[in-house]
Number of protein chains: 4
Amino acid sequence: MTEKEKKEGLFDNVSPIDYRYREHDLLRYLSEEGFIEQKLNVEEALIVALRLFDVCDCPELYLEFMEARKEITAKEVYAEEKRIKHDIRALVNCIRKRVSDGSKPYVHMTATSFDIVDTANAARFKKAIEEILLPDLISLEKTLIEIAYREAGTIQIGRTHGQHAVPITFGFAIASYVSRLGECILSLKRLNKEQVGKFSGAVGAYNASSLFVSDPEEFEKCILEELATTEHGIKLKPAEISTQIVPPEPTIRIFAELVLIGGVLANLSRDMRHLQRTEIGEVGEEFSDDQVGSSTMPQKRNPINFENVESLWKVLVGHLTTVYLNQISEHQRDLTNSAAERTYPETIAYLVSMTRRINKTMKKLRVDKANIQRNFDLQKDLIIAEPLYIILSALDHPDAHEKVRQLTLKAQETKNPLQDLAMADNELKPYFEKMSLPQKRIISDPTLYTGIAEQKAKKVAISWAQKLNLKGCF
Amino acid sequence: MTEKEKKEGLFDNVSPIDYRYREHDLLRYLSEEGFIEQKLNVEEALIVALRLFDVCDCPELYLEFMEARKEITAKEVYAEEKRIKHDIRALVNCIRKRVSDGSKPYVHMTATSFDIVDTANAARFKKAIEEILLPDLISLEKTLIEIAYREAGTIQIGRTHGQHAVPITFGFAIASYVSRLGECILSLKRLNKEQVGKFSGAVGAYNASSLFVSDPEEFEKCILEELATTEHGIKLKPAEISTQIVPPEPTIRIFAELVLIGGVLANLSRDMRHLQRTEIGEVGEEFSDDQVGSSTMPQKRNPINFENVESLWKVLVGHLTTVYLNQISEHQRDLTNSAAERTYPETIAYLVSMTRRINKTMKKLRVDKANIQRNFDLQKDLIIAEPLYIILSALDHPDAHEKVRQLTLKAQETKNPLQDLAMADNELKPYFEKMSLPQKRIISDPTLYTGIAEQKAKKVAISWAQKLNLKGCF
Amino acid sequence: MTEKEKKEGLFDNVSPIDYRYREHDLLRYLSEEGFIEQKLNVEEALIVALRLFDVCDCPELYLEFMEARKEITAKEVYAEEKRIKHDIRALVNCIRKRVSDGSKPYVHMTATSFDIVDTANAARFKKAIEEILLPDLISLEKTLIEIAYREAGTIQIGRTHGQHAVPITFGFAIASYVSRLGECILSLKRLNKEQVGKFSGAVGAYNASSLFVSDPEEFEKCILEELATTEHGIKLKPAEISTQIVPPEPTIRIFAELVLIGGVLANLSRDMRHLQRTEIGEVGEEFSDDQVGSSTMPQKRNPINFENVESLWKVLVGHLTTVYLNQISEHQRDLTNSAAERTYPETIAYLVSMTRRINKTMKKLRVDKANIQRNFDLQKDLIIAEPLYIILSALDHPDAHEKVRQLTLKAQETKNPLQDLAMADNELKPYFEKMSLPQKRIISDPTLYTGIAEQKAKKVAISWAQKLNLKGCF
Amino acid sequence: MTEKEKKEGLFDNVSPIDYRYREHDLLRYLSEEGFIEQKLNVEEALIVALRLFDVCDCPELYLEFMEARKEITAKEVYAEEKRIKHDIRALVNCIRKRVSDGSKPYVHMTATSFDIVDTANAARFKKAIEEILLPDLISLEKTLIEIAYREAGTIQIGRTHGQHAVPITFGFAIASYVSRLGECILSLKRLNKEQVGKFSGAVGAYNASSLFVSDPEEFEKCILEELATTEHGIKLKPAEISTQIVPPEPTIRIFAELVLIGGVLANLSRDMRHLQRTEIGEVGEEFSDDQVGSSTMPQKRNPINFENVESLWKVLVGHLTTVYLNQISEHQRDLTNSAAERTYPETIAYLVSMTRRINKTMKKLRVDKANIQRNFDLQKDLIIAEPLYIILSALDHPDAHEKVRQLTLKAQETKNPLQDLAMADNELKPYFEKMSLPQKRIISDPTLYTGIAEQKAKKVAISWAQKLNLKGCF
């Protein structure tokens with residue numbers, strides 16, 4: 001072991017979430033230390049409830065506990081766990097040894113380990129989502145709304161199959177992400193409210209709490225509501241019915257939505273990085289002056305942030321399977337969900353990192369209008385194939401699609417503009433005579449063939465600014 | 001090729017969904033023939049809308065179309081596709097060749113392929129879920145409610161880690177599934193309403209329809225509402241904004257919920273098949289007289305239906321990854337979602353098969369009360385460890401958990417009942433004197449230590465019967 | 001039900017593998033009918049072995065069986081299964097009822113169901129891979145070898161991060177797939193040899209066969225070797241030790257490799273479809289005269305085959321999870337692998353479909369050298385950034401990377417060629433004086449900066465033609 | 001922020017691999033610090049090769065570099081990366097600033113970032129597998145071999161579908177894992193040898209190195225061989241052909257095998273924890289005196305180690321999808337694999353943790369022979385159904401399977417032993433008369449009906465001890 005290896009620190013970590021994509025403000029909820037804080041919150045709420053329900057007649061307990069929890073660290077709990085091989089009992093021991101003998105019996109009283117663990121997990125996930133992830137997502141949504149509105153009129157070729165299709169506007173393309181991300185935000189908010197805690201004991205039948213309180217469901221509800229008064233705590237609903245653990249579905253739905261949000265970010269990233277291709281060049285990540293593009297190719301301007309987001313999405317998709325596998329637990333529970341559940345905070349943490357990164361990148365996105373125009377012009381005259389075919393149809397041409405298909409083949413062979421070929425075509429002459437002026441104009445100028453792209457982009461942008469109550473977008 | 005191979009039939013299929021787990025009533029929506037019917041529904045709704053919006057002045061088209069669609073088969077469409085290599089254009093050609101020249105231009109007018117495909121898919125998935133899957137799930141829910149209520153008082157040992165823990169009732173255990181499945185049903189209903197269609201053209205900007213109607217969003221809405229009037233059709237909401245395709249998230253959320261439902265069924269199956277183990281024998285699948293248990297072990301009574309359900313869940317978990325991978329589509333769409341999307345109906349079909357199977361099995365579930373009792377008695381006296389420790393705590397024993405842990409070790413070594421050891425223990429004597437009568441009774445009779453299992457089972461059963469408006473459960 | 005729905009046929013299927021991506025020659029192995037044939041093969045091999053080991057003294061059995069199997073259809077087996085609810089016993093009954101009373105006892109004698117099922121599955125997967133998939137993959141490999149060799153000298157810009165990097169040749173890019181696919185072919189061949197069968201009875205301990213033969217392992221080996229003599233049969237190795245089922249790992253390794261092969265095809269498809277983008281246009285799928293590009297955009301030439309292959313890869317990735325979940329089976333087996341295993345043939349079938357499709361597409365791939373050149377020229381002079389920096393370094397420039405990075409920024413701003421800026425730079429003058437002639441030439445002509453791309457492409461192409469013993473590639 | 005949160009340490013980590021399942025000896029390879037060491041190894045090997053190929057005429061460079069690398073820490077590299085936003089360039093800068101001006105140009109000369117990254121990754125994965133994982137797996141294999149051999153004769157009921165089937169021995173059951181794990185070890189060893197590195201530059205065509213050496217493939221090979229001489233380094237093969245990155249398949253195959261190994265451990269864990277069920281009790285995890293079973297149920301003895309291993313397997317199955325998604329990289333590479341690849345070390349680290357845990361647990365496994373016997377006796381007489389039916393068949397009973405099935409139904413109804421019913425059955429009398437003595441004995445004593453379980457268990461145990469050259473197993 002060399003000098004530099006002697007003390008283990010940040011870079012002795014194995015998971016990139018712990019040395020590279022760490023977001024400091026999340027640790028309060030998502031680190032192991034933060035988890036223990038949340039477990040102490042549940043023990044605290046229990047102590048309050050025991051008093052409110054007159055089970056505990058030991059008035060000094062609460063203050064003793066509050067003093068005790070200030071001192072308890074993960075390190076101490078782990079040392080005790082090493083001795084007795086039970087994580088929650090270790091935590092309880094750390095508390096008990098600090099309170100007076102009269103208080104001792106009421107610590108953890110009637111609780112089973114997973115009353116604490118599942119409730120603490122739900123609380124910290126709910127809180128981290130509400131306080132950190134959702135604001136970040138909304139901030140990104142605001143960025144996208146601004147771009148969608150600002151670029152609502154920037155005409156761009158629409159692309160399907162990687163091929164030029166018919167026109168849209170760049171703002172319209174972004175508005176699609178405004179809508180998709182907006183719906184995800186609402187869905188996540190709704191699901192986050194459905195997170196549940198429990199305080200129903202070892203098999204969910206309130207066996208222990210029934211020994212002391214006449215309405216154990218009220219007792220449970222009280223504890224879960226008291227969580228709101230703890231530090232960094234948050235109120236939870238009780239599960240309608242639980243086993244030793246809460247029903248897994250509310251948590252899985254949350255994580256399925258988180259991965260879905262990751263997918264929206266990844267799709268946006270995919271689009272942006274392809275629009276950044278050398279041959280396309282319609283957008284670009286801002287590059288700082290000091291930034292190195294490549295270790296050997298100094299000219300490179302790589303879409304590294306978009307690539308990063310798509311890459312981390314692949315990690316999230318893997319998490320999804322793990323989360324779904326945890327749905328099955330035997331009888332009143334086996335423990336095969338436990339270790340795997342410890343990886344859940346990573347999903348939230350990666351998603352926060354992705355959201356912040358793409359937000360920062362989109363805020364400074366360079367939109368290169370000259371290149372957008374240049375690309376649009378590449379097949380400018382072929383674009384009119386669609387309106388031409390449709391107008392011909394409407395004017396009763398018996399086989400407009402096939403006719404236009406033949407003309408486009410000819411246009412490509414002869415390098416003549418499609419509209420010229422069409423207008424010179426004898427068969428089509430009577431149809432051109434019947435066309436309205438606006439129809440004729442579209443066929444001469446494909447930039448007019450954008451449907452309602454601009455209005456739609458603005459409408460979607462405005463609608464989401466309102467739905468999310470965002471100020472100052474426009 | 002032998003005689004019997006000459007004509008390809010059911011058993012020449014490769015996927016078990018097509019030869020083994022086929023549910024006939026689903027084919028209307030989920031087979032390729034059914035898909036083409038739904039696509040024709042969309043073309044029909046388009047024709048109606050074109051007329052309502054005065055684009056089409058061709059009154060005979062509707063009737064011609066309705067005659068045409070009666071004749072069109074998947075076989076014909078595939079033959080045409082083989083020629084022109086485009087599936088939707090092939091369908092359009094099959095229609096067009098059957099209508100009069102004056103009608104021809106209005107067939108498929110302003111539509112892009114995925115206006116038809118995505119809308120037809122959303123419609124058939126929505127309809128299959130509403131008409132077939134949900135009723136099946138509700139029927140299963142009713143079965144579970146009945147069992148939960150009926151067995152609310154059947155005392156059973158609760159099991160955690162595969163170990164005997166403290167008592168519940170069998171009805172209570174089932175009530176947990178009543179609640180989990182019930183929530184899934186409500187969630188699926190809610191998500192199913194969010195399925196969207198689209199009629200916004202090749203890149204989503206209504207480029208084509210804008211050529212003819214002044215409010216293309218109204219036109220789109222009209223088409224999607226008209227779907228309700230088609231055969232086996234159903235009304236859809238329009239996507240707030242789309243590209244060539246609908247936003248993927250509503251569909252993914254549906255399928256994520258379907259896999260989640262599969263997980264609830266698999267978890268129930270896992271529990272039931274373990275309760276059916278030879279050594280446990282608390283429940284059993286009914287066995288018909290003719291049924292063969294094993295090809296060599298005639299005595300076997302295997303939980304084949306529960307095994308089947310858990311097995312198909314593994315297939316669904318795989319589907320989940322595929323569905324999530326389809327979230328990313330480049331720009332206004334690439335086609336890399338297309339072939340994979342064709343497998344989506346399988347998820348619904350497997351889930352229907354699983355639901356029906358487990359419902360049938362649960363309806364006839366044998367509950368062996370003698371074995372439940374026998375197993376309960378196995379560690380009867382150890383069960384009281386928990387209430388003993390908790391009551392001792394409440395009576396201010398300074399270290400009740402450790403004391404009881406020591407006593408249980410002694411009970412196991414000496415084969416003496418725990419309660420005897422406890423009552424004979426000098427240190428504990430003063431505590432026993434302070435115990436209330438009900439507390440003493442629980443320590444003598446562990447069957448009393450069931451908390452509120454019975455009431456909770458009934459409460460949950462009744463609550464879900466009401467929420468789902470089920471008659472005749474009790 | 002309309003007229004056309006009355007008879008269920010191909011298009012009443014739900015899985016696209018059964019109505020759209022069906023490859024007829026695979027059905028022999030991968031359909032349910034084909035599976036029953038393979039199960040009959042195992043029963044046949046058993047009958048032969050029983051005779052060879054003198055267990056069966058019934059000389060007419062073999063001929064009776066061979067007559068019987070000609071008549072047995074999946075339909076009949078399924079009808080019998082419906083009655084007795086056991087698939088293998090149903091098959092056995094169908095045989096037994098056709099043979100003489102003296103022969104009856106020896107049918108299926110000592111076998112357990114999964115002796116038949118697992119062995120038949122291994123045999124048909126092995127055979128389908130050996131006879132159909134591998135030849136198809138080798139045919140695709142040949143196509144790629146030919147392109148790699150033919151285009152070994154076609155200079156193309158190398159692309160990293162979607163950005164132009166430094167030059168390669170098109171043949172070199174394809175050679176990378178030659179190598180990757182070649183390694184997969186060798187790996188698949190090796191793994192396919194490792195597929196195992198079993199004939200060790202209900203729990204794998206040869207309990208039943210030990211009643212009649214003194215060396216039951218030899219008896220098992222004999223049966224698995226006799227498979228080679230059955231119709232469409234193939235010899236298998238016995239598992240070293242089995243439970244009721246063969247160890248799952250050899251099968252999983254096969255399917256993991258199949259999905260990996262799917263990934264190579266998908267990666268190639270991804271590259272090709274991006275090279276087909278409108279702005280890039282370096283390659284193209286051949287388009288037939290009748291082919292329709294889009295239902296509304298007649299001008300489109302979509303990379304539908306490459307899109308299809310990438311899409312089906314997403315299905316395969318989902319299968320992977322299912323296959324891995326099947327690894328766990330409790331004790332001497334539970335049946336939770338059974339239904340899921342019935343989907344395995346789909347993986348092979350999709351991969352065959354993908355392979356044939358991409359082979360056909362690559363065979364006719366249009367390589368547009370004018371566009372390749374045009375794109376190359378886009379940043380022609382920036383390409384030299386890398387060699388310039390490296391040569392400067394070698395000539396002891398103290399900070400060449402940073403110097404060149406600054407120059408490229410300046411080149412982009414001023415639109416001046418990088419080499420001009422470099423040669424006009426006073427600081428660099430002494431370095432240019434020290435450069436060798438070849439070095440100077442590369443800096444003036446980036447098409448010379450291709451390293452050993454051409455030789456490597458040819459070397460790889462030749463090497464794989466030899467390794468796979470392919471004739472006529474060059 | 002409270003006092004205790006001020007300094008971030010172990011428990012501020014988010015991933016459980018970094019605070020809970022950390023194996024210290026792995027950090028050398030799998031931590032970020034370890035990764036940088038391996039990258040320095042590659043830079044070192046490059047310096048050696050540049051000298052051997054006479055590119056670098058700067059004799060002091062090697063010593064300067066060796067001094068420099070002693071000082072370089074991840075912390076410093078990350079600080080520099082923060083400034084210039086490129087991780088490898090940052091590392092290069094850290095080296096360059098420490099060497100003399102004359103040496104500077106040769107640091108990283110001709111290398112592209114992923115020459116370093118991919119090679120360093122392959123080296124550290126290969127080394128961690130060879131030095132740590134494989135010895136751990138072999139140690140576990142030895143433990144299993146010892147159990148298989150020791151318990152080869154311990155008669156146990158075989159279980160299929162969770163139902164008693166026919167007898168095996170406990171050693172036979174374990175031997176199945178000996179064989180499965182043994183094959184995995186050999187497969188992993190083989191795959192580990194196939195890991196490749198690369199030194200072919202920015203697009204894989206050796207563009208840069210070709211500027212200075214006449215045989216750049218030899219130069220690459222030299223670097224990869226020189227790795228063997230670096231600290232904790234290991235020799236690698238060059239990829240046959242690469243792009244900017246190595247072909248992904250060798251790495252994916254490794255990780256697919258790692259997940260497969262995880263599955264074998266999980267399957268073993270599943271079996272053991274079910275055999276530990278209260279009603280079964282055939283095995284048990286050893287429990288230390290201080291260990292707490294449950295926070296409220298002091299009597300519990302939970303199979304927490306087996307549960308942990310199965311739980312972490314669910315994490316590995318999720319990783320598999322991520323790894324497969326990384327197979328696709330566009331053209332000469334996009335970067336969407338990069339962040340996801342940073343999670344790969346976790347897979348190895350979890351597997352090492354699982355292996356060590358299960359090894360420790362199996363070493364101390366309590367095998368409760370009394371319970372094994374008790375369970376065996378439960379359906380002792382039904383066990384003979386199989387041999388009875390088979391022997392009757394062999395004696396030409398025309399319908400033995402059906403006859404025995406009827407008898408077992410009767411045995412269950414009447415609670416009479418099957419053999420008594422059989423021997424009293426008039427129809428069967430002539431068959432009993434024809435039975436051989438050993439056959440009759442098996443029907444009277446089912447413990448004799450174990451086939452070759454004992455021999456097979458020993459044979460497999462001995463065979464793997466030999467194949468892996470293990471001493472002192474027996």
# chains A, B, ... in the order shown; residues from 1 in each chain; ligands from 1
>>> closest_atom_pairs(of="chain D", to="chain B", cutoff="9 Å", atoms="only C-alpha atoms", output="CSV")
residue,atom,partner,partner_atom,distance
D:Arg159,CA,B:Thr278,CA,9.0
D:Thr160,CA,B:Asn302,CA,8.2
D:His161,CA,B:Asn302,CA,5.7
D:Gly162,CA,B:Arg277,CA,4.9
D:Gln163,CA,B:Thr278,CA,5.0
D:His164,CA,B:Thr278,CA,6.1
D:Ala165,CA,B:Met297,CA,7.0
D:Val166,CA,B:Met297,CA,8.1
D:Arg273,CA,B:Gly162,CA,7.5
D:His274,CA,B:Gly162,CA,6.9
D:Gln276,CA,B:Gly162,CA,7.5
D:Arg277,CA,B:Gly162,CA,4.9
D:Thr278,CA,B:Gln163,CA,5.0
D:Glu279,CA,B:Glu279,CA,6.2
D:Ile280,CA,B:Glu279,CA,6.5
D:Val292,CA,B:Arg405,CA,7.9
D:Gly293,CA,B:Arg405,CA,8.6
D:Ser295,CA,B:His401,CA,8.0
D:Thr296,CA,B:Glu386,CA,5.7
D:Met297,CA,B:Glu386,CA,4.9
D:Pro298,CA,B:Arg405,CA,4.6
D:Gln299,CA,B:Thr408,CA,5.6
D:Lys300,CA,B:Gln163,CA,7.0
D:Arg301,CA,B:Gln163,CA,7.4
D:Asn302,CA,B:His161,CA,5.7
D:Pro303,CA,B:His161,CA,6.7
D:Ile304,CA,B:His161,CA,7.9
D:Glu307,CA,B:His161,CA,8.1
D:Thr321,CA,B:Thr321,CA,8.2
D:Asn375,CA,B:Glu279,CA,7.2
D:Leu378,CA,B:Glu279,CA,7.9
D:Gln379,CA,B:Thr278,CA,8.5
D:Leu382,CA,B:Gln299,CA,6.5
D:Ile383,CA,B:Gln299,CA,7.8
D:Ile384,CA,B:Met297,CA,8.8
D:Ala385,CA,B:Met297,CA,6.2
D:Glu386,CA,B:Met297,CA,4.9
D:Pro387,CA,B:Met297,CA,8.6
D:Tyr389,CA,B:Thr296,CA,7.7
D:Ile390,CA,B:Thr296,CA,7.9
D:His401,CA,B:Pro298,CA,6.7
D:Glu402,CA,B:Pro298,CA,7.8
D:Val404,CA,B:Pro298,CA,6.5
D:Arg405,CA,B:Pro298,CA,4.7
D:Gln406,CA,B:Pro298,CA,8.4
D:Leu407,CA,B:Gln299,CA,8.9
D:Thr408,CA,B:Gln299,CA,5.6
D:Leu409,CA,B:Gln299,CA,7.5
>>> select_by_dssp(residues="stretch 211-454 of chain A", states="alpha helix (DSSP H)", output="ChimeraX atom specification")
/A:216-226,249-275,304-325,338-341,344-363,369-378,380-383,385-394,400-414,418-424,429-434,437-444,453-454
>>> residues_around(residues="D:Gly318", least_positions_apart="2", cutoff="7 Å", atoms="only C-alpha atoms", output="ChimeraX atom specification")
/A:318-319,321-322 /D:314-316,320-322
>>> select_by_dssp(residues="stretch 139-365 of chain B", states="strand (DSSP E or B)", output="PDB file with N, CA, C and O atoms, in the first residue's frame")
ATOM      1  N   ILE B 155     -57.021 -18.912  12.027  1.00  0.00           N
ATOM      2  CA  ILE B 155     -55.709 -18.563  12.578  1.00  0.00           C
ATOM      3  C   ILE B 155     -54.597 -19.356  11.912  1.00  0.00           C
ATOM      4  O   ILE B 155     -54.694 -20.579  11.751  1.00  0.00           O
ATOM      5  N   GLN B 156     -53.569 -18.641  11.494  1.00  0.00           N
ATOM      6  CA  GLN B 156     -52.440 -19.235  10.776  1.00  0.00           C
ATOM      7  C   GLN B 156     -51.173 -18.587  11.329  1.00  0.00           C
ATOM      8  O   GLN B 156     -51.199 -17.421  11.738  1.00  0.00           O
ATOM      9  N   ILE B 157     -50.094 -19.341  11.301  1.00  0.00           N
ATOM     10  CA  ILE B 157     -48.851 -18.717  11.743  1.00  0.00           C
ATOM     11  C   ILE B 157     -48.376 -17.739  10.681  1.00  0.00           C
ATOM     12  O   ILE B 157     -48.402 -18.053   9.485  1.00  0.00           O
ATOM     13  N   GLY B 158     -47.978 -16.560  11.075  1.00  0.00           N
ATOM     14  CA  GLY B 158     -47.334 -15.644  10.139  1.00  0.00           C
ATOM     15  C   GLY B 158     -45.900 -16.073   9.915  1.00  0.00           C
ATOM     16  O   GLY B 158     -45.254 -16.622  10.816  1.00  0.00           O
ATOM     17  N   ARG B 159     -45.423 -15.888   8.708  1.00  0.00           N
ATOM     18  CA  ARG B 159     -44.076 -16.366   8.377  1.00  0.00           C
ATOM     19  C   ARG B 159     -43.229 -15.228   7.810  1.00  0.00           C
ATOM     20  O   ARG B 159     -43.597 -14.596   6.824  1.00  0.00           O
ATOM     21  N   THR B 160     -42.104 -15.019   8.432  1.00  0.00           N
ATOM     22  CA  THR B 160     -41.129 -14.095   7.856  1.00  0.00           C
ATOM     23  C   THR B 160     -39.806 -14.825   7.752  1.00  0.00           C
ATOM     24  O   THR B 160     -39.467 -15.615   8.632  1.00  0.00           O
ATOM     25  N   GLN B 163     -39.590 -18.417   8.346  1.00  0.00           N
ATOM     26  CA  GLN B 163     -39.625 -18.878   9.741  1.00  0.00           C
ATOM     27  C   GLN B 163     -40.959 -18.491  10.370  1.00  0.00           C
ATOM     28  O   GLN B 163     -41.530 -17.455  10.032  1.00  0.00           O
ATOM     29  N   HIS B 164     -41.411 -19.295  11.266  1.00  0.00           N
ATOM     30  CA  HIS B 164     -42.599 -18.926  12.016  1.00  0.00           C
ATOM     31  C   HIS B 164     -42.326 -17.652  12.791  1.00  0.00           C
ATOM     32  O   HIS B 164     -41.294 -17.514  13.451  1.00  0.00           O
ATOM     33  N   ALA B 165     -43.274 -16.715  12.688  1.00  0.00           N
ATOM     34  CA  ALA B 165     -43.119 -15.461  13.411  1.00  0.00           C
ATOM     35  C   ALA B 165     -44.250 -15.373  14.437  1.00  0.00           C
ATOM     36  O   ALA B 165     -44.248 -16.141  15.400  1.00  0.00           O
ATOM     37  N   VAL B 166     -45.205 -14.507  14.224  1.00  0.00           N
ATOM     38  CA  VAL B 166     -46.342 -14.412  15.151  1.00  0.00           C
ATOM     39  C   VAL B 166     -47.623 -14.600  14.346  1.00  0.00           C
ATOM     40  O   VAL B 166     -47.616 -14.521  13.128  1.00  0.00           O
ATOM     41  N   PRO B 167     -48.751 -14.839  15.016  1.00  0.00           N
ATOM     42  CA  PRO B 167     -49.951 -15.276  14.280  1.00  0.00           C
ATOM     43  C   PRO B 167     -50.617 -14.194  13.429  1.00  0.00           C
ATOM     44  O   PRO B 167     -50.600 -13.016  13.765  1.00  0.00           O
ATOM     45  N   ILE B 168     -51.205 -14.655  12.354  1.00  0.00           N
ATOM     46  CA  ILE B 168     -52.153 -13.867  11.553  1.00  0.00           C
ATOM     47  C   ILE B 168     -53.372 -14.755  11.352  1.00  0.00           C
ATOM     48  O   ILE B 168     -53.561 -15.727  12.087  1.00  0.00           O
ATOM     49  N   THR B 169     -54.189 -14.406  10.385  1.00  0.00           N
ATOM     50  CA  THR B 169     -55.200 -15.358   9.924  1.00  0.00           C
ATOM     51  C   THR B 169     -55.014 -15.529   8.428  1.00  0.00           C
ATOM     52  O   THR B 169     -54.424 -14.668   7.767  1.00  0.00           O
ATOM     53  N   VAL B 196     -53.657   7.799 -25.490  1.00  0.00           N
ATOM     54  CA  VAL B 196     -53.928   8.836 -26.478  1.00  0.00           C
ATOM     55  C   VAL B 196     -53.767   8.329 -27.899  1.00  0.00           C
ATOM     56  O   VAL B 196     -53.019   7.407 -28.173  1.00  0.00           O
ATOM     57  N   GLY B 197     -54.510   8.950 -28.776  1.00  0.00           N
ATOM     58  CA  GLY B 197     -54.333   8.751 -30.210  1.00  0.00           C
ATOM     59  C   GLY B 197     -53.779  10.030 -30.813  1.00  0.00           C
ATOM     60  O   GLY B 197     -53.449  10.973 -30.108  1.00  0.00           O
ATOM     61  N   LYS B 237     -58.486  10.174 -26.295  1.00  0.00           N
ATOM     62  CA  LYS B 237     -58.051  11.567 -26.203  1.00  0.00           C
ATOM     63  C   LYS B 237     -56.924  11.802 -27.199  1.00  0.00           C
ATOM     64  O   LYS B 237     -56.110  10.895 -27.433  1.00  0.00           O
ATOM     65  N   PRO B 238     -56.811  13.003 -27.750  1.00  0.00           N
ATOM     66  CA  PRO B 238     -55.631  13.284 -28.562  1.00  0.00           C
ATOM     67  C   PRO B 238     -54.429  13.567 -27.654  1.00  0.00           C
ATOM     68  O   PRO B 238     -54.589  14.091 -26.559  1.00  0.00           O
ATOM     69  N   VAL B 283     -52.554 -25.379   1.849  1.00  0.00           N
ATOM     70  CA  VAL B 283     -53.519 -25.218   0.764  1.00  0.00           C
ATOM     71  C   VAL B 283     -53.189 -26.218  -0.332  1.00  0.00           C
ATOM     72  O   VAL B 283     -52.128 -26.841  -0.324  1.00  0.00           O
ATOM     73  N   GLY B 284     -54.096 -26.363  -1.276  1.00  0.00           N
ATOM     74  CA  GLY B 284     -53.841 -27.254  -2.393  1.00  0.00           C
ATOM     75  C   GLY B 284     -54.643 -26.854  -3.611  1.00  0.00           C
ATOM     76  O   GLY B 284     -55.760 -26.339  -3.474  1.00  0.00           O
TER      77      GLY B 284
END
>>> atom_distance(atom1="atom CA of A:Leu50", atom2="atom CA of A:Asp118")
19.4 Å
>>> decode(residues="stretch 263-268 of chain C", atoms="N, CA and C atoms", output="short mmCIF file (atom, residue, chain, number, x, y, z; two decimals), in the first residue's frame")
data_model
loop_
_atom_site.label_atom_id
_atom_site.label_comp_id
_atom_site.auth_asym_id
_atom_site.auth_seq_id
_atom_site.Cartn_x
_atom_site.Cartn_y
_atom_site.Cartn_z
N GLY C 263 -27.09 -7.96 -30.96
CA GLY C 263 -26.52 -6.63 -30.69
C GLY C 263 -25.51 -6.22 -31.76
N VAL C 264 -24.73 -7.17 -32.26
CA VAL C 264 -23.80 -6.84 -33.34
C VAL C 264 -24.59 -6.40 -34.59
N LEU C 265 -25.64 -7.14 -34.89
CA LEU C 265 -26.46 -6.77 -36.04
C LEU C 265 -27.12 -5.41 -35.84
N ALA C 266 -27.55 -5.16 -34.60
CA ALA C 266 -28.21 -3.88 -34.30
C ALA C 266 -27.22 -2.73 -34.40
N ASN C 267 -25.99 -2.98 -33.96
CA ASN C 267 -24.98 -1.91 -34.04
C ASN C 267 -24.67 -1.58 -35.50
N LEU C 268 -24.49 -2.63 -36.28
CA LEU C 268 -24.28 -2.42 -37.72
C LEU C 268 -25.45 -1.66 -38.32
#
